[in-house]
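Asker: Structure below; questions to follow.
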Amino acid sequence: MRSKFSFHRGTGVGVVALLVFIFLPFVGLHVAWILPGTVDVVNSTGTLEVLALCFMFAGVALGYDLMFGFTGLLSLGPVLYFAAGAYVFDIALTKWNWPLAPALALTVVFTLVVATVLGAIALRVDGIAFAMVTLAFAQAFYYLIENNPHNLTGGDTGLSLSDARLPALFSGAVSNTRNLYWIALVFLVLTYAVVWMVTKSVTGHVLVAIRENERRLDVLGIRSFRYKLIAFVLSSLIASAGGVVYVLVIGTAVPSAVASTSITISVLIMVVLGGAGTRWGAVVGAIVYVYLQQLLVKVSAEPSFTNLPAVLRVPLSQPQFLLGAVFVLFVLFVPGGLAGLAGRRRATREMTVSARTLPEMLSESLK
């Protein structure tokens with residue numbers, strides 16, 4: 001009964017949060033300090049763009065959680081597919097002048113083929129070896145796009161997105177920031193729906209069984225390789241879709257921004273921060289991480305902090321240091337992430353209720 005109540009309560013919170021995010025672009029409320037944009041207004045261009053990035057990375061983290069949290073595969077290469085989505089889509093539109101639909105189709109086919117081939121190779125090994133192989137593939141792709149093959153990627157300077165063949169809805173103009181915000185939100189909702197359906201299916205149960213004890217599945221005659229490849233490819237497709245959304249929101253693809261290994265590390269931190277293998281934990285962890293990252297950059301530029309003592313001024317001027325400190329504190333004191341914290345609080349409440357009702361149960365049994 002409690003699990004049903006918990007499920008309905010969680011669904012209710014998710015629906016309310018979704019409705020709030022849908023109507024947020026219509027809210028012109030002025031809020032000081034807690035908004036990451038340059039203007040402290042909820043529906044300002046800067047705030048909506050940061051929130052769009054939050055939703056985009058939340059979807060990517062959710063896809064990574066399918067592979068890492070549910071299947072137990074520590075990959076260091078999802079940035080390859082994130083960058084592939086960004087660059088293939090950008091090249092098709094900007095260099096080849098393709099319409100939107102063929103550009104999206106090419107991005108999907110390219111990612112599907114590359115993820116299937118590289119996944120089939122990388123999954124021949126396990127553990128740290130698997131992580132190193134995926135990292136090697138990601139690094140190779142980084143140097144490939146940095147070398148600007150056939151003048152397609154723009155090298156270090158990147159490739160700006162041309163919106164000449166894009167519908168007005170997808171245009172990167174400042175006036176369309178609200179539309180891009182909703183596109184990122186739709187990406188997150190669709191990703192959550194896909195991951196929810198997969199993890200609730202028979203395939204999802206097999207993925208969890210692989211994480212817990214892969215040898216037992218081999219004894220039962222279940223080929224775990226096939227299921228691991230499914231998780232790998234699906235996670236890669238979600239990362240690639242995230243790369244497309246990133247280019248639409250930001251308007252350019254630069255190797256250091258979309259293909260750096262730091263992207264993979266950031267996504268891994270998002271999942272661990274929220275709670276691996278929980279779905280909503282990855283979403284919340286990503287939103288908190290990206291929001292804090294952008295907010296701390298704004299805080300570090302606050303002119304009034306220049307008058308503070310060095311012991312406070314120096315840390316506040318280093319946003320990445322502060323973000324790293326927050327993550328270290330979470331790892332030390334909240335090892336299960338935000339989802340684990342919520343689970344422990346719920347368990348504590350249930351134990352408290354049980355302790356209160358125990359005397360009543362005993363008295364009833366003695367009557």
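By convention here, the chains of the structure tokens are called A, B, ... in the order presented, each chain's residues are numbered starting at 1, and ligands are numbered starting at 1 in the order presented.
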Could you please write out, as a VMD selection string, every residue of segment 142-223 of chain A that DSSP assigns to alpha helix (DSSP H)?

Answerer: chain A and resid 142 to 146 177 to 200 202 to 219

Asker: Residues near segment 202-217 of chain A, anyone? I mean within 12 Å using only C-alpha atoms, not counting same-chain ones fewer than 5 positions away, as number ranges by chain.

Answerer: A: 65-74, 126-127, 194-197, 222-232, 276-278

Asker: Deliver the residues from the most recent selection as a file, using C-alpha atoms, as a CSV table (one decimal), in the first residue's frame.

Answerer:
```
chain,number,residue,atom,x,y,z
A,65,ASP,CA,21.9,6.4,-16.2
A,66,LEU,CA,20.3,3.6,-18.3
A,67,MET,CA,23.7,2.3,-19.1
A,68,PHE,CA,25.6,3.1,-15.9
A,69,GLY,CA,23.0,3.1,-13.2
A,70,PHE,CA,20.7,0.3,-14.5
A,71,THR,CA,23.1,-1.9,-16.4
A,72,GLY,CA,26.3,-1.2,-14.5
A,73,LEU,CA,28.4,-0.2,-17.5
A,74,LEU,CA,30.9,2.5,-16.7
A,126,ASP,CA,34.5,-5.5,-19.0
A,127,GLY,CA,35.1,-3.1,-16.1
A,194,VAL,CA,11.6,6.0,-23.3
A,195,VAL,CA,13.8,5.2,-20.3
A,196,TRP,CA,10.8,4.5,-18.1
A,197,MET,CA,9.3,2.1,-20.7
A,222,ILE,CA,20.5,-15.5,-21.3
A,223,ARG,CA,22.9,-13.8,-23.6
A,224,SER,CA,23.8,-10.7,-21.7
A,225,PHE,CA,25.9,-9.2,-24.5
A,226,ARG,CA,22.8,-8.5,-26.6
A,227,TYR,CA,21.1,-6.6,-23.8
A,228,LYS,CA,24.2,-4.6,-22.9
A,229,LEU,CA,24.5,-3.6,-26.5
A,230,ILE,CA,20.9,-2.4,-26.5
A,231,ALA,CA,21.5,-0.3,-23.4
A,232,PHE,CA,24.7,1.1,-25.0
A,276,ALA,CA,22.3,6.1,-10.0
A,277,GLY,CA,19.6,3.8,-11.2
A,278,THR,CA,16.7,5.9,-10.1
```

Asker: Find the residues of segment 161-276 of chain A that sit at most 8 Å from segment 79-97 of chain A; for each, write down the nearest two atoms and how far apart they are in Å, to one decimal. Count only C-alpha atoms. Sort by chain, then by number going up, and give it as JSON lines.

Answerer:
```
{"residue": "A:Leu161", "atom": "CA", "partner": "A:Asp90", "partner_atom": "CA", "distance": 5.7}
{"residue": "A:Ser162", "atom": "CA", "partner": "A:Thr94", "partner_atom": "CA", "distance": 5.0}
{"residue": "A:Asp163", "atom": "CA", "partner": "A:Leu93", "partner_atom": "CA", "distance": 7.6}
{"residue": "A:Arg165", "atom": "CA", "partner": "A:Asn97", "partner_atom": "CA", "distance": 6.9}
{"residue": "A:Ser236", "atom": "CA", "partner": "A:Tyr81", "partner_atom": "CA", "distance": 5.6}
{"residue": "A:Leu237", "atom": "CA", "partner": "A:Tyr81", "partner_atom": "CA", "distance": 7.2}
{"residue": "A:Ala239", "atom": "CA", "partner": "A:Phe82", "partner_atom": "CA", "distance": 4.7}
{"residue": "A:Ser240", "atom": "CA", "partner": "A:Gly85", "partner_atom": "CA", "distance": 4.1}
{"residue": "A:Ala241", "atom": "CA", "partner": "A:Gly85", "partner_atom": "CA", "distance": 6.1}
{"residue": "A:Gly242", "atom": "CA", "partner": "A:Phe82", "partner_atom": "CA", "distance": 6.3}
{"residue": "A:Gly243", "atom": "CA", "partner": "A:Ala86", "partner_atom": "CA", "distance": 4.3}
{"residue": "A:Val244", "atom": "CA", "partner": "A:Ala86", "partner_atom": "CA", "distance": 4.8}
{"residue": "A:Val245", "atom": "CA", "partner": "A:Ala86", "partner_atom": "CA", "distance": 7.9}
{"residue": "A:Tyr246", "atom": "CA", "partner": "A:Ala86", "partner_atom": "CA", "distance": 7.0}
{"residue": "A:Val247", "atom": "CA", "partner": "A:Ala86", "partner_atom": "CA", "distance": 5.8}
{"residue": "A:Thr252", "atom": "CA", "partner": "A:Asp90", "partner_atom": "CA", "distance": 8.0}
{"residue": "A:Ala253", "atom": "CA", "partner": "A:Ala86", "partner_atom": "CA", "distance": 6.4}
{"residue": "A:Pro255", "atom": "CA", "partner": "A:Ala83", "partner_atom": "CA", "distance": 7.8}
{"residue": "A:Val258", "atom": "CA", "partner": "A:Ala83", "partner_atom": "CA", "distance": 5.1}
{"residue": "A:Ala259", "atom": "CA", "partner": "A:Ala83", "partner_atom": "CA", "distance": 5.1}
{"residue": "A:Ser260", "atom": "CA", "partner": "A:Val79", "partner_atom": "CA", "distance": 7.1}
{"residue": "A:Thr261", "atom": "CA", "partner": "A:Val79", "partner_atom": "CA", "distance": 6.7}
{"residue": "A:Ile263", "atom": "CA", "partner": "A:Val79", "partner_atom": "CA", "distance": 6.1}
{"residue": "A:Thr264", "atom": "CA", "partner": "A:Val79", "partner_atom": "CA", "distance": 5.5}
```

Asker: Which residue gives the smallest distance to Arg279 of chain A among A:Ala61, A:Leu76, A:Val331, A:Ile121, with only C-alpha atoms counted?

Answerer: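 Looking at the shortest contact to Arg279 of chain A, the residue is A:Ala61.
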
Asker: Quick one, how far is atom CA of Phe23 of chain A from atom CA of Gly59 of chain A?

Answerer: 19.7 Å

Asker: Contacts of Gly154 of chain A at 8 Å or less, counting only C-alpha atoms, minus same-chain residues fewer than 6 places along, as an NGL selection string?

Answerer: :A and (145-146 or 148)

Asker: In Å, with one decimal, what is the gap from atom CA of Ala131 of chain A to atom CA of Ser75 of chain A?

Answerer: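 Between atom CA of Ala131 of chain A and atom CA of Ser75 of chain A the gap is 4.8 Å.
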
Asker: Report the distance between atom CA of Phe141 of chain A and atom CA of Gly77 of chain A in Å, rounded to one decimal place.

Answerer: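 Computing the Euclidean distance for atom CA of Phe141 of chain A and atom CA of Gly77 of chain A yields 9.9 Å.
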
Asker: Ranking A:Val311, A:Val288, A:Ile269, A:Val117 by minimum distance to Val328 of chain A and counting only C-alpha atoms, which one comes first?

Answerer: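 The answer is A:Ile269, which sits nearest to Val328 of chain A.
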
Asker: Of the residues A:Trp98, A:Tyr181, A:Phe26, A:Phe110, which is the one nearest to Leu248 of chain A, using only C-alpha atoms?

Answerer: A:Tyr181

Asker: Mind checking which residues fall within 12 Å of Ala32 of chain A, counting only C-alpha atoms, ignoring those fewer than 2 positions away in the same chain, and posting them as a list in words?

Answerer: Leu29, His30, Ile34, Leu35, Pro36, Gly37, Thr38, Val39, Asp40, Val41, Val42, Leu295, Lys298 and Val299 of chain A

Asker: Selected residues, C-alpha atoms, written as an mmCIF file, in the first residue's frame, please.

Answerer:
```
data_model
loop_
_atom_site.group_PDB
_atom_site.id
_atom_site.type_symbol
_atom_site.label_atom_id
_atom_site.label_comp_id
_atom_site.auth_asym_id
_atom_site.auth_seq_id
_atom_site.Cartn_x
_atom_site.Cartn_y
_atom_site.Cartn_z
ATOM 1 C CA LEU A 29 8.766 37.777 -11.739
ATOM 2 C CA HIS A 30 11.917 39.564 -10.570
ATOM 3 C CA ILE A 34 18.997 32.788 -7.248
ATOM 4 C CA LEU A 35 18.574 33.198 -11.027
ATOM 5 C CA PRO A 36 21.622 32.400 -13.191
ATOM 6 C CA GLY A 37 20.903 34.863 -16.010
ATOM 7 C CA THR A 38 22.389 38.342 -16.229
ATOM 8 C CA VAL A 39 18.892 39.740 -15.622
ATOM 9 C CA ASP A 40 17.135 38.628 -12.428
ATOM 10 C CA VAL A 41 13.824 37.915 -14.169
ATOM 11 C CA VAL A 42 12.341 34.427 -14.406
ATOM 12 C CA LEU A 295 24.802 30.411 -10.962
ATOM 13 C CA LYS A 298 27.431 34.721 -11.922
ATOM 14 C CA VAL A 299 28.258 34.785 -8.201
#
```
